[in-house]
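Text of coords.txt, listed as compact mmCIF, C-alpha atoms:
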```
# COMPACT_ATOMS: atom_id res chain seq x y z
CA MET A 1 104.64 253.28 99.90
CA SER A 2 101.56 251.03 99.88
CA ALA A 3 98.29 252.21 98.35
CA ALA A 4 96.63 251.75 101.74
CA LEU A 5 99.15 254.08 103.40
CA GLU A 6 98.64 256.67 100.65
CA SER A 7 94.89 256.47 101.29
CA LEU A 8 95.40 256.95 105.04
CA LEU A 9 97.68 259.94 104.46
CA ASP A 10 94.96 261.44 102.28
CA LEU A 11 92.51 261.05 105.18
CA LEU A 12 94.92 262.88 107.48
CA ASP A 13 95.48 265.71 104.99
CA LEU A 14 92.54 267.80 106.13
CA GLU A 15 90.89 270.45 103.99
CA GLN A 16 91.01 273.93 105.54
CA ILE A 17 87.63 275.57 104.98
CA GLU A 18 88.11 278.67 107.16
CA GLN A 19 90.63 279.96 109.66
CA ASP A 20 90.97 277.27 112.35
CA ILE A 21 88.21 275.15 110.74
CA PHE A 22 89.06 271.95 108.90
CA ARG A 23 87.14 269.17 107.20
CA GLY A 24 88.09 265.51 107.04
CA MET A 25 86.60 262.49 105.36
CA SER A 26 86.17 259.02 106.84
CA ARG A 27 86.10 255.41 105.85
CA SER A 28 84.37 252.37 107.29
CA ALA A 29 86.04 250.48 110.11
CA VAL A 30 85.66 246.90 111.33
CA VAL A 31 82.63 248.08 113.32
CA PRO A 32 79.95 250.26 111.64
CA ARG A 33 81.30 253.59 112.89
CA VAL A 34 84.33 255.79 112.34
CA PHE A 35 87.50 254.30 113.82
CA GLY A 36 88.40 256.27 116.94
CA GLY A 37 92.08 256.43 116.06
CA GLN A 38 91.21 258.18 112.81
CA VAL A 39 89.22 260.92 114.57
CA ALA A 40 91.95 261.43 117.18
CA ALA A 41 94.66 261.64 114.52
CA GLN A 42 92.67 264.05 112.37
CA ALA A 43 91.93 266.27 115.38
CA LEU A 44 95.63 266.36 116.21
CA VAL A 45 96.42 267.31 112.61
CA ALA A 46 93.95 270.20 112.90
CA ALA A 47 95.48 271.38 116.16
CA GLY A 48 99.02 271.04 114.87
CA ARG A 49 98.34 273.18 111.81
CA THR A 50 97.57 276.18 114.03
CA VAL A 51 100.78 276.21 116.11
CA PRO A 52 104.23 277.61 115.26
CA ALA A 53 106.48 275.20 113.35
CA ASP A 54 109.03 275.05 116.17
CA ARG A 55 106.58 273.45 118.62
CA SER A 56 105.97 269.71 118.77
CA ALA A 57 103.04 267.87 120.31
CA HIS A 58 103.88 266.58 123.78
CA SER A 59 100.46 265.51 125.07
CA LEU A 60 96.81 265.04 124.18
CA HIS A 61 93.69 264.29 126.17
CA ALA A 62 90.50 263.32 124.36
CA TYR A 63 86.94 262.09 124.85
CA PHE A 64 84.84 260.10 122.39
CA LEU A 65 81.32 261.50 122.70
CA ARG A 66 79.25 259.87 119.95
CA PRO A 67 79.83 257.23 117.27
CA GLY A 68 81.07 258.77 114.04
CA ASP A 69 79.23 258.28 110.76
CA PRO A 70 81.72 256.98 108.16
CA GLY A 71 79.49 258.25 105.35
CA ALA A 72 79.67 261.90 106.34
CA PRO A 73 82.52 264.43 106.58
CA ILE A 74 83.77 265.57 109.99
CA VAL A 75 84.31 269.27 110.73
CA TYR A 76 87.11 270.12 113.17
CA THR A 77 87.05 273.51 114.89
CA VAL A 78 90.24 274.59 116.67
CA ASP A 79 90.21 276.94 119.65
CA ARG A 80 93.57 278.64 120.27
CA ILE A 81 93.51 278.45 124.05
CA ARG A 82 97.00 279.82 124.70
CA ASP A 83 100.27 280.66 123.01
CA GLY A 84 103.02 281.07 125.59
CA ARG A 85 106.78 281.43 125.26
CA SER A 86 107.34 277.66 125.52
CA PHE A 87 103.94 276.02 125.21
CA ALA A 88 100.88 276.32 122.98
CA THR A 89 97.53 274.78 123.91
CA ARG A 90 94.70 273.94 121.54
CA ARG A 91 91.19 272.56 121.94
CA VAL A 92 89.51 270.79 119.01
CA VAL A 93 85.86 269.82 118.66
CA ALA A 94 84.84 267.34 115.94
CA VAL A 95 81.27 267.77 114.67
CA GLN A 96 78.99 265.63 112.50
CA HIS A 97 75.34 266.26 111.70
CA GLY A 98 75.40 269.33 113.94
CA LYS A 99 76.54 267.44 117.06
CA PRO A 100 79.98 267.04 118.67
CA ILE A 101 81.30 263.49 118.38
CA PHE A 102 84.78 264.03 119.86
CA HIS A 103 86.86 266.65 121.58
CA LEU A 104 90.58 266.90 122.16
CA SER A 105 92.96 269.12 124.09
CA ALA A 106 96.57 269.09 122.94
CA SER A 107 99.69 270.85 124.11
CA PHE A 108 102.76 271.71 122.04
CA GLN A 109 106.22 272.68 123.28
CA ALA A 110 109.29 274.33 121.82
CA TYR A 111 112.36 272.09 122.18
CA GLU A 112 114.47 272.52 125.30
CA GLU A 113 117.10 270.59 127.23
CA GLY A 114 116.19 269.06 130.61
CA MET A 115 116.52 266.17 133.03
CA ASP A 116 116.30 262.79 131.35
CA HIS A 117 115.39 259.31 132.62
CA GLN A 118 113.00 256.57 131.52
CA ALA A 119 111.56 253.18 132.38
CA PRO A 120 113.59 250.42 130.67
CA MET A 121 112.26 248.71 127.58
CA PRO A 122 110.83 245.24 128.29
CA SER A 123 112.12 242.23 126.42
CA ALA A 124 110.45 241.37 123.13
CA PRO A 125 111.37 239.26 120.10
CA ASP A 126 112.67 240.77 116.88
CA PRO A 127 109.59 241.94 114.91
CA GLU A 128 110.99 240.46 111.71
CA THR A 129 110.63 236.99 113.27
CA LEU A 130 106.88 237.45 113.91
CA PRO A 131 104.09 236.65 111.43
CA THR A 132 102.49 239.46 109.47
CA ALA A 133 98.73 240.08 109.70
CA ALA A 134 98.28 238.41 106.30
CA GLN A 135 100.05 235.32 107.61
CA MET A 136 98.39 235.25 111.04
CA LEU A 137 94.74 236.25 110.62
CA PRO A 138 93.62 233.49 108.19
CA ARG A 139 94.60 230.90 110.82
CA TYR A 140 91.74 232.11 113.00
CA ALA A 141 89.03 232.57 110.37
CA ASP A 142 86.87 229.98 112.14
CA ARG A 143 86.75 232.18 115.28
CA PHE A 144 84.71 234.86 113.53
CA ALA A 145 80.98 234.59 112.88
CA ASP A 146 81.33 236.89 109.85
CA PRO A 147 83.05 234.97 107.02
CA LEU A 148 84.40 238.27 105.67
CA MET A 149 85.93 239.35 108.98
CA VAL A 150 89.50 238.35 108.07
CA ASP A 151 89.31 240.46 104.91
CA ARG A 152 87.81 243.37 106.85
CA LEU A 153 90.53 243.22 109.50
CA LEU A 154 93.25 243.06 106.86
CA GLU A 155 91.74 246.04 105.05
CA ALA A 156 91.45 248.06 108.27
CA ARG A 157 95.15 247.47 109.06
CA ALA A 158 96.54 247.53 105.54
CA ALA A 159 98.40 250.81 106.04
CA VAL A 160 100.24 249.48 109.09
CA ASP A 161 102.48 246.45 109.57
CA LEU A 162 101.22 245.29 112.98
CA ARG A 163 102.64 242.07 114.45
CA TYR A 164 101.51 240.40 117.69
CA VAL A 165 104.21 239.09 120.00
CA ASP A 166 101.76 236.64 121.63
CA ALA A 167 98.45 235.28 120.40
CA PRO A 168 95.78 238.00 120.08
CA PRO A 169 92.56 237.81 122.14
CA PHE A 170 90.51 236.20 119.38
CA ALA A 171 93.01 233.33 119.16
CA THR A 172 92.56 232.25 122.80
CA ALA A 173 88.92 233.20 123.52
CA GLY A 174 87.64 231.27 126.54
CA GLU A 175 91.09 231.10 128.16
CA PRO A 176 91.81 233.95 130.63
CA ARG A 177 95.42 235.12 130.49
CA GLU A 178 97.63 237.68 132.15
CA PRO A 179 96.32 241.14 131.16
CA ARG A 180 99.37 242.06 129.11
CA SER A 181 99.87 242.35 125.37
CA GLN A 182 102.69 243.41 123.06
CA VAL A 183 102.66 244.32 119.38
CA TRP A 184 105.27 245.76 117.07
CA PHE A 185 104.10 248.25 114.44
CA ARG A 186 105.30 250.54 111.68
CA THR A 187 103.71 252.01 108.58
CA HIS A 188 103.76 250.10 105.29
CA GLY A 189 106.07 252.60 103.64
CA LYS A 190 108.29 255.60 104.25
CA LEU A 191 106.79 258.81 105.63
CA ALA A 192 107.87 262.41 105.15
CA ASP A 193 110.09 263.92 107.83
CA ASP A 194 107.32 266.10 109.34
CA PRO A 195 107.30 265.25 113.11
CA LEU A 196 103.57 266.03 113.38
CA LEU A 197 102.82 263.36 110.78
CA HIS A 198 104.66 260.69 112.80
CA VAL A 199 102.89 261.72 116.01
CA CYS A 200 99.50 261.63 114.28
CA MET A 201 100.23 258.22 112.75
CA ALA A 202 101.16 256.79 116.16
CA THR A 203 97.95 258.30 117.55
CA TYR A 204 96.01 256.49 114.82
CA VAL A 205 97.58 253.12 115.61
CA SER A 206 97.36 253.54 119.39
CA ASP A 207 93.59 252.94 119.33
CA MET A 208 93.86 249.57 117.53
CA THR A 209 94.93 247.19 120.31
CA LEU A 210 95.11 249.04 123.64
CA LEU A 211 92.08 247.35 125.19
CA ASP A 212 93.28 243.87 124.16
CA SER A 213 94.76 243.38 127.62
CA VAL A 214 91.32 243.93 129.20
CA LEU A 215 89.91 241.15 127.01
CA LEU A 216 92.77 238.78 127.80
CA ALA A 217 92.13 238.98 131.54
CA HIS A 218 88.60 237.64 131.01
CA GLY A 219 89.18 235.23 128.15
CA ARG A 220 87.18 237.30 125.70
CA GLY A 221 87.89 237.30 121.98
CA GLY A 222 86.83 240.84 121.23
CA TRP A 223 84.57 242.89 119.01
CA ALA A 224 85.30 240.85 115.88
CA VAL A 225 84.40 237.61 117.67
CA GLY A 226 81.25 239.14 119.16
CA ASP A 227 81.69 238.08 122.78
CA VAL A 228 82.02 241.70 123.96
CA VAL A 229 80.56 245.03 122.89
CA GLY A 230 82.21 248.32 123.58
CA ALA A 231 83.83 251.53 122.43
CA SER A 232 86.60 253.90 123.42
CA LEU A 233 85.60 256.49 126.02
CA ASP A 234 88.72 258.58 126.47
CA HIS A 235 92.31 258.58 125.34
CA ALA A 236 95.46 260.27 126.60
CA MET A 237 98.99 260.29 125.18
CA TRP A 238 102.29 261.82 126.20
CA PHE A 239 105.04 262.12 123.59
CA HIS A 240 108.38 261.97 125.39
CA ARG A 241 111.06 261.63 122.73
CA PRO A 242 111.35 261.85 118.94
CA PHE A 243 110.44 258.75 116.93
CA ARG A 244 109.46 257.68 113.45
CA ALA A 245 106.22 255.82 112.83
CA ASP A 246 107.73 254.23 109.72
CA GLU A 247 110.31 252.42 111.87
CA TRP A 248 109.54 249.58 114.30
CA LEU A 249 107.86 250.63 117.56
CA LEU A 250 107.06 248.26 120.44
CA TYR A 251 103.60 248.79 121.97
CA ASP A 252 103.75 247.26 125.47
CA GLN A 253 100.21 247.20 126.92
CA GLU A 254 98.53 246.12 130.14
CA SER A 255 95.22 246.49 131.96
CA PRO A 256 95.32 247.38 135.68
CA SER A 257 91.54 247.39 136.13
CA ALA A 258 88.11 246.59 134.72
CA SER A 259 84.87 247.36 136.56
CA GLY A 260 81.47 248.92 136.07
CA GLY A 261 81.30 247.99 132.39
CA ARG A 262 84.59 249.81 131.72
CA GLY A 263 88.14 248.60 131.15
CA LEU A 264 91.39 250.55 131.48
CA GLY A 265 94.43 250.02 129.28
CA GLN A 266 97.81 251.62 129.79
CA ALA A 267 100.89 251.28 127.62
CA ARG A 268 104.37 252.43 126.71
CA ILE A 269 105.68 252.70 123.19
CA TYR A 270 109.41 252.20 122.62
CA THR A 271 111.66 252.67 119.63
CA ALA A 272 113.59 249.61 118.48
CA ASP A 273 116.74 250.93 120.18
CA GLY A 274 115.00 251.16 123.56
CA GLN A 275 113.96 254.81 123.80
CA LEU A 276 110.64 255.42 125.59
CA ALA A 277 108.76 257.48 123.00
CA ILE A 278 105.12 257.55 124.15
CA THR A 279 102.90 256.74 127.12
CA VAL A 280 99.24 255.94 126.42
CA ILE A 281 96.20 255.47 128.68
CA GLN A 282 92.69 254.65 127.48
CA GLU A 283 89.39 253.70 129.08
CA GLY A 284 86.65 252.01 127.12
CA VAL A 285 83.22 250.50 127.52
CA VAL A 286 83.68 246.72 127.68
CA ARG A 287 80.43 244.80 128.16
CA VAL A 288 79.38 241.19 127.83
CA PRO A 289 76.44 241.07 125.36
CA ARG A 290 73.05 240.39 126.90
CA ASP A 291 71.15 237.39 125.61
```

Written as structure tokens, how would this file's structure read?
Amino acid sequence: MSAALESLLDLLDLEQIEQDIFRGMSRSAVVPRVFGGQVAAQALVAAGRTVPADRSAHSLHAYFLRPGDPGAPIVYTVDRIRDGRSFATRRVVAVQHGKPIFHLSASFQAYEEGMDHQAPMPSAPDPETLPTAAQMLPRYADRFADPLMVDRLLEARAAVDLRYVDAPPFATAGEPREPRSQVWFRTHGKLADDPLLHVCMATYVSDMTLLDSVLLAHGRGGWAVGDVVGASLDHAMWFHRPFRADEWLLYDQESPSASGGRGLGQARIYTADGQLAITVIQEGVVRVPRD
């Protein structure tokens, strides 16, 4: 297991300070605020620690309310909305400096048999044939105004092996493309067998590239390039089938719409053997900077 993955797992291992109240630490992201995927993953950890062990997360719906301060702890308060025979529902509010910065609703279900069908997995190259972040990012160092941006991006993604199928937005800035993007990802190391951990890790990664397809449609390079400003507004995920975040997952993303200073990304995450594991939808603020 890489040191970066160990550090991320430490972030997700929340401190319980009272019944249904947890505290998590943060670290700096590429932008000067807490990475949204970290807050979502930590909130899901908090929710998951209050449900019976036989119930797995099957959906979450979340809103990002305020930018998080990476220099301050985040307190997560869990509200046990309902415990039914099959489902358990939790609401989590994340607070910093006395104000809510994020809230999440999550639902957990006991396993049961049922009808089964899925959308087929799209074609994609073998992830082992694609360049790693360390191989790919230095090629585009001249696209970033900040000379340290490559190092910052590599540090932010060091816990995850994330490989682009096609060129990322910052590689083709100024050239509008079809609003579709694919990446393969897995953690840099083996994880424990706890299903909640794998769900939380996928939640963490899901916020990294989902709005890329919005940028591609308009030929924008992204936040690191500086030709857009923005932030995640809301995030929803449905967990359909078991998966492991330490094995290759294909993140197939597209943007059906952008308007009013907002962009929508939707995606499906497949296991390497073609099982549809997760559906993701996110809306974010996506604005062209004013002169």

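If you measure from each of A:Glu283, A:Ile269, A:Ser232, A:Arg241 to Ser257 of chain A using only C-alpha atoms, the closest one turns out to be A:Glu283.
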
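For the set A:Leu216, A:Ala224, A:Val286, A:Ala53, the residue with the smallest atom-to-atom gap to Pro168 of chain A is A:Leu216, counting only C-alpha atoms.
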
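When the distance limit is 7 Å and only C-alpha atoms are what count, the residues near Gln109 of chain A, minus those fewer than 2 positions from it on the same chain, are Arg55, Ser56, Ala57, His58, Ser86, Phe87, Ala88, Ser107 and Tyr111 of chain A.
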
Those same residues, written as a short mmCIF file (atom, residue, chain, number, x, y, z; two decimals), keeping the file's coordinate frame with C-alpha atoms?
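To be explicit, this is the file written out as selection.cif:
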```
data_model
loop_
_atom_site.label_atom_id
_atom_site.label_comp_id
_atom_site.auth_asym_id
_atom_site.auth_seq_id
_atom_site.Cartn_x
_atom_site.Cartn_y
_atom_site.Cartn_z
CA ARG A 55 106.58 273.45 118.62
CA SER A 56 105.97 269.71 118.77
CA ALA A 57 103.04 267.87 120.31
CA HIS A 58 103.88 266.58 123.78
CA SER A 86 107.34 277.66 125.52
CA PHE A 87 103.94 276.02 125.21
CA ALA A 88 100.88 276.32 122.98
CA SER A 107 99.69 270.85 124.11
CA TYR A 111 112.36 272.09 122.18
#
```

### Message
Quick one: residues within 12 Å of Arg290 of chain A, only C-alpha atoms, excluding same-chain residues fewer than 3 positions away - as number ranges by chain?
### Response
A: 226-229, 287

Same residues, C-alpha atoms, saved as a PDB file, in the coordinates of the input:
```
ATOM      1  CA  GLY A 226      81.250 239.140 119.160  1.00  0.00           C
ATOM      2  CA  ASP A 227      81.690 238.080 122.780  1.00  0.00           C
ATOM      3  CA  VAL A 228      82.020 241.700 123.960  1.00  0.00           C
ATOM      4  CA  VAL A 229      80.560 245.030 122.890  1.00  0.00           C
ATOM      5  CA  ARG A 287      80.430 244.800 128.160  1.00  0.00           C
TER       6      ARG A 287
END
```

## Note on the structure
For Pro176 of chain A, the closest of A:Ile17, A:Ala141, A:Ala133, A:Leu215 counting all atoms listed in the file is A:Leu215

### Task
Using all atoms listed in the file, pick whichever of A:Val225, A:Ala46, A:Leu104, A:Leu153 has the shortest atom-to-atom distance to Val288 of chain A.
A:Val225

### All residues 10 Å or closer to Glu178 of chain A, all atoms listed in the file, same chain fewer than 2 positions away omitted, as an MDAnalysis selection string
chainID A and resid 176 180:181 213:219 254:255

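You can rank A:Ala72, A:Ala231, A:Val183, A:Ala94 by their closest distance to Thr209 of chain A using only C-alpha atoms, and at the top of that list sits A:Val183.
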
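When all atoms listed in the file are used to measure the gap to Thr172 of chain A, the shortest distance among A:Asp234, A:Gly222, A:Leu130, A:Arg157 belongs to A:Gly222.
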
### Task
Please check which residues have atoms at most 8 Å from (96.5, 232.8, 116.5) in the file's coordinates, counting all atoms listed in the file, and write them as JSON, numbers by chain.
{"A": [136, 137, 139, 140, 167, 168, 170, 171, 172]}

### Task
Name all residues at most 7 Å from Ile278 of chain A (count all atoms listed in the file; drop same-chain ones fewer than 6 positions away) and give them as a count of residues only.
6

Please write N, CA and C atoms of segment 4-42 of chain A, from the structure given just now, as a JSON list (two decimals), in the first residue's frame.
```
[["chain", "number", "residue", "atom", "x", "y", "z"],
["A", 4, "ALA", "N", 0.57, 7.43, 0.30],
["A", 4, "ALA", "CA", -0.54, 8.34, 0.02],
["A", 4, "ALA", "C", -1.88, 7.67, 0.32],
["A", 5, "LEU", "N", -2.01, 6.39, -0.01],
["A", 5, "LEU", "CA", -3.26, 5.69, 0.29],
["A", 5, "LEU", "C", -3.43, 5.52, 1.79],
["A", 6, "GLU", "N", -2.36, 5.22, 2.51],
["A", 6, "GLU", "CA", -2.44, 5.13, 3.97],
["A", 6, "GLU", "C", -2.91, 6.45, 4.57],
["A", 7, "SER", "N", -2.39, 7.57, 4.03],
["A", 7, "SER", "CA", -2.80, 8.89, 4.52],
["A", 7, "SER", "C", -4.28, 9.14, 4.25],
["A", 8, "LEU", "N", -4.76, 8.74, 3.06],
["A", 8, "LEU", "CA", -6.18, 8.92, 2.74],
["A", 8, "LEU", "C", -7.05, 8.06, 3.65],
["A", 9, "LEU", "N", -6.65, 6.83, 3.90],
["A", 9, "LEU", "CA", -7.42, 5.97, 4.79],
["A", 9, "LEU", "C", -7.47, 6.56, 6.20],
["A", 10, "ASP", "N", -6.40, 7.20, 6.62],
["A", 10, "ASP", "CA", -6.41, 7.88, 7.93],
["A", 10, "ASP", "C", -7.44, 9.00, 7.94],
["A", 11, "LEU", "N", -7.56, 9.74, 6.82],
["A", 11, "LEU", "CA", -8.55, 10.81, 6.74],
["A", 11, "LEU", "C", -9.97, 10.26, 6.85],
["A", 12, "LEU", "N", -10.19, 9.07, 6.28],
["A", 12, "LEU", "CA", -11.52, 8.48, 6.29],
["A", 12, "LEU", "C", -11.84, 7.77, 7.60],
["A", 13, "ASP", "N", -10.85, 7.55, 8.43],
["A", 13, "ASP", "CA", -11.06, 6.89, 9.72],
["A", 13, "ASP", "C", -11.43, 7.95, 10.75],
["A", 14, "LEU", "N", -12.68, 8.33, 10.77],
["A", 14, "LEU", "CA", -13.14, 9.44, 11.59],
["A", 14, "LEU", "C", -13.04, 9.13, 13.08],
["A", 15, "GLU", "N", -12.83, 10.18, 13.86],
["A", 15, "GLU", "CA", -12.83, 10.08, 15.32],
["A", 15, "GLU", "C", -14.27, 10.25, 15.82],
["A", 16, "GLN", "N", -14.74, 9.31, 16.63],
["A", 16, "GLN", "CA", -16.07, 9.45, 17.22],
["A", 16, "GLN", "C", -15.94, 10.22, 18.52],
["A", 17, "ILE", "N", -16.60, 11.39, 18.60],
["A", 17, "ILE", "CA", -16.48, 12.24, 19.77],
["A", 17, "ILE", "C", -17.71, 12.20, 20.66],
["A", 18, "GLU", "N", -18.79, 11.63, 20.16],
["A", 18, "GLU", "CA", -20.03, 11.46, 20.93],
["A", 18, "GLU", "C", -20.90, 10.52, 20.12],
["A", 19, "GLN", "N", -21.99, 10.03, 20.69],
["A", 19, "GLN", "CA", -22.87, 9.17, 19.92],
["A", 19, "GLN", "C", -23.37, 9.94, 18.70],
["A", 20, "ASP", "N", -23.13, 9.35, 17.52],
["A", 20, "ASP", "CA", -23.58, 9.91, 16.23],
["A", 20, "ASP", "C", -22.91, 11.23, 15.88],
["A", 21, "ILE", "N", -21.79, 11.54, 16.51],
["A", 21, "ILE", "CA", -21.02, 12.75, 16.18],
["A", 21, "ILE", "C", -19.57, 12.33, 15.95],
["A", 22, "PHE", "N", -19.05, 12.73, 14.80],
["A", 22, "PHE", "CA", -17.71, 12.33, 14.38],
["A", 22, "PHE", "C", -16.91, 13.55, 13.97],
["A", 23, "ARG", "N", -15.59, 13.41, 14.02],
["A", 23, "ARG", "CA", -14.71, 14.51, 13.62],
["A", 23, "ARG", "C", -13.68, 13.98, 12.62],
["A", 24, "GLY", "N", -13.51, 14.75, 11.54],
["A", 24, "GLY", "CA", -12.53, 14.38, 10.53],
["A", 24, "GLY", "C", -11.60, 15.53, 10.24],
["A", 25, "MET", "N", -10.39, 15.19, 9.83],
["A", 25, "MET", "CA", -9.42, 16.20, 9.44],
["A", 25, "MET", "C", -9.45, 16.36, 7.92],
["A", 26, "SER", "N", -8.71, 17.34, 7.43],
["A", 26, "SER", "CA", -8.68, 17.63, 6.00],
["A", 26, "SER", "C", -7.26, 17.83, 5.55],
["A", 27, "ARG", "N", -7.12, 17.95, 4.24],
["A", 27, "ARG", "CA", -5.84, 18.34, 3.68],
["A", 27, "ARG", "C", -6.11, 19.23, 2.48],
["A", 28, "SER", "N", -5.12, 19.97, 2.07],
["A", 28, "SER", "CA", -5.28, 20.91, 0.96],
["A", 28, "SER", "C", -5.52, 20.16, -0.34],
["A", 29, "ALA", "N", -6.31, 20.76, -1.21],
["A", 29, "ALA", "CA", -6.58, 20.21, -2.52],
["A", 29, "ALA", "C", -5.89, 21.08, -3.57],
["A", 30, "VAL", "N", -6.17, 20.78, -4.84],
["A", 30, "VAL", "CA", -5.57, 21.57, -5.92],
["A", 30, "VAL", "C", -6.03, 23.03, -5.82],
["A", 31, "VAL", "N", -7.30, 23.21, -5.46],
["A", 31, "VAL", "CA", -7.83, 24.56, -5.21],
["A", 31, "VAL", "C", -7.79, 24.79, -3.70],
["A", 32, "PRO", "N", -7.79, 26.07, -3.25],
["A", 32, "PRO", "CA", -7.62, 26.36, -1.82],
["A", 32, "PRO", "C", -8.89, 26.13, -0.99],
["A", 33, "ARG", "N", -9.41, 24.93, -1.04],
["A", 33, "ARG", "CA", -10.55, 24.53, -0.21],
["A", 33, "ARG", "C", -10.52, 23.02, -0.08],
["A", 34, "VAL", "N", -11.33, 22.49, 0.80],
["A", 34, "VAL", "CA", -11.38, 21.05, 0.99],
["A", 34, "VAL", "C", -11.95, 20.40, -0.27],
["A", 35, "PHE", "N", -11.33, 19.34, -0.73],
["A", 35, "PHE", "CA", -11.81, 18.59, -1.88],
["A", 35, "PHE", "C", -13.19, 18.00, -1.57],
["A", 36, "GLY", "N", -14.15, 18.25, -2.47],
["A", 36, "GLY", "CA", -15.51, 17.81, -2.24],
["A", 36, "GLY", "C", -15.65, 16.32, -2.05],
["A", 37, "GLY", "N", -14.87, 15.53, -2.81],
["A", 37, "GLY", "CA", -14.94, 14.09, -2.66],
["A", 37, "GLY", "C", -14.54, 13.62, -1.28],
["A", 38, "GLN", "N", -13.62, 14.35, -0.64],
["A", 38, "GLN", "CA", -13.23, 13.99, 0.72],
["A", 38, "GLN", "C", -14.38, 14.18, 1.69],
["A", 39, "VAL", "N", -15.08, 15.32, 1.60],
["A", 39, "VAL", "CA", -16.19, 15.59, 2.51],
["A", 39, "VAL", "C", -17.31, 14.57, 2.30],
["A", 40, "ALA", "N", -17.62, 14.26, 1.04],
["A", 40, "ALA", "CA", -18.67, 13.29, 0.75],
["A", 40, "ALA", "C", -18.31, 11.92, 1.30],
["A", 41, "ALA", "N", -17.07, 11.51, 1.11],
["A", 41, "ALA", "CA", -16.64, 10.20, 1.59],
["A", 41, "ALA", "C", -16.66, 10.14, 3.11],
["A", 42, "GLN", "N", -16.18, 11.19, 3.77],
["A", 42, "GLN", "CA", -16.18, 11.20, 5.23],
["A", 42, "GLN", "C", -17.61, 11.19, 5.77]]
```
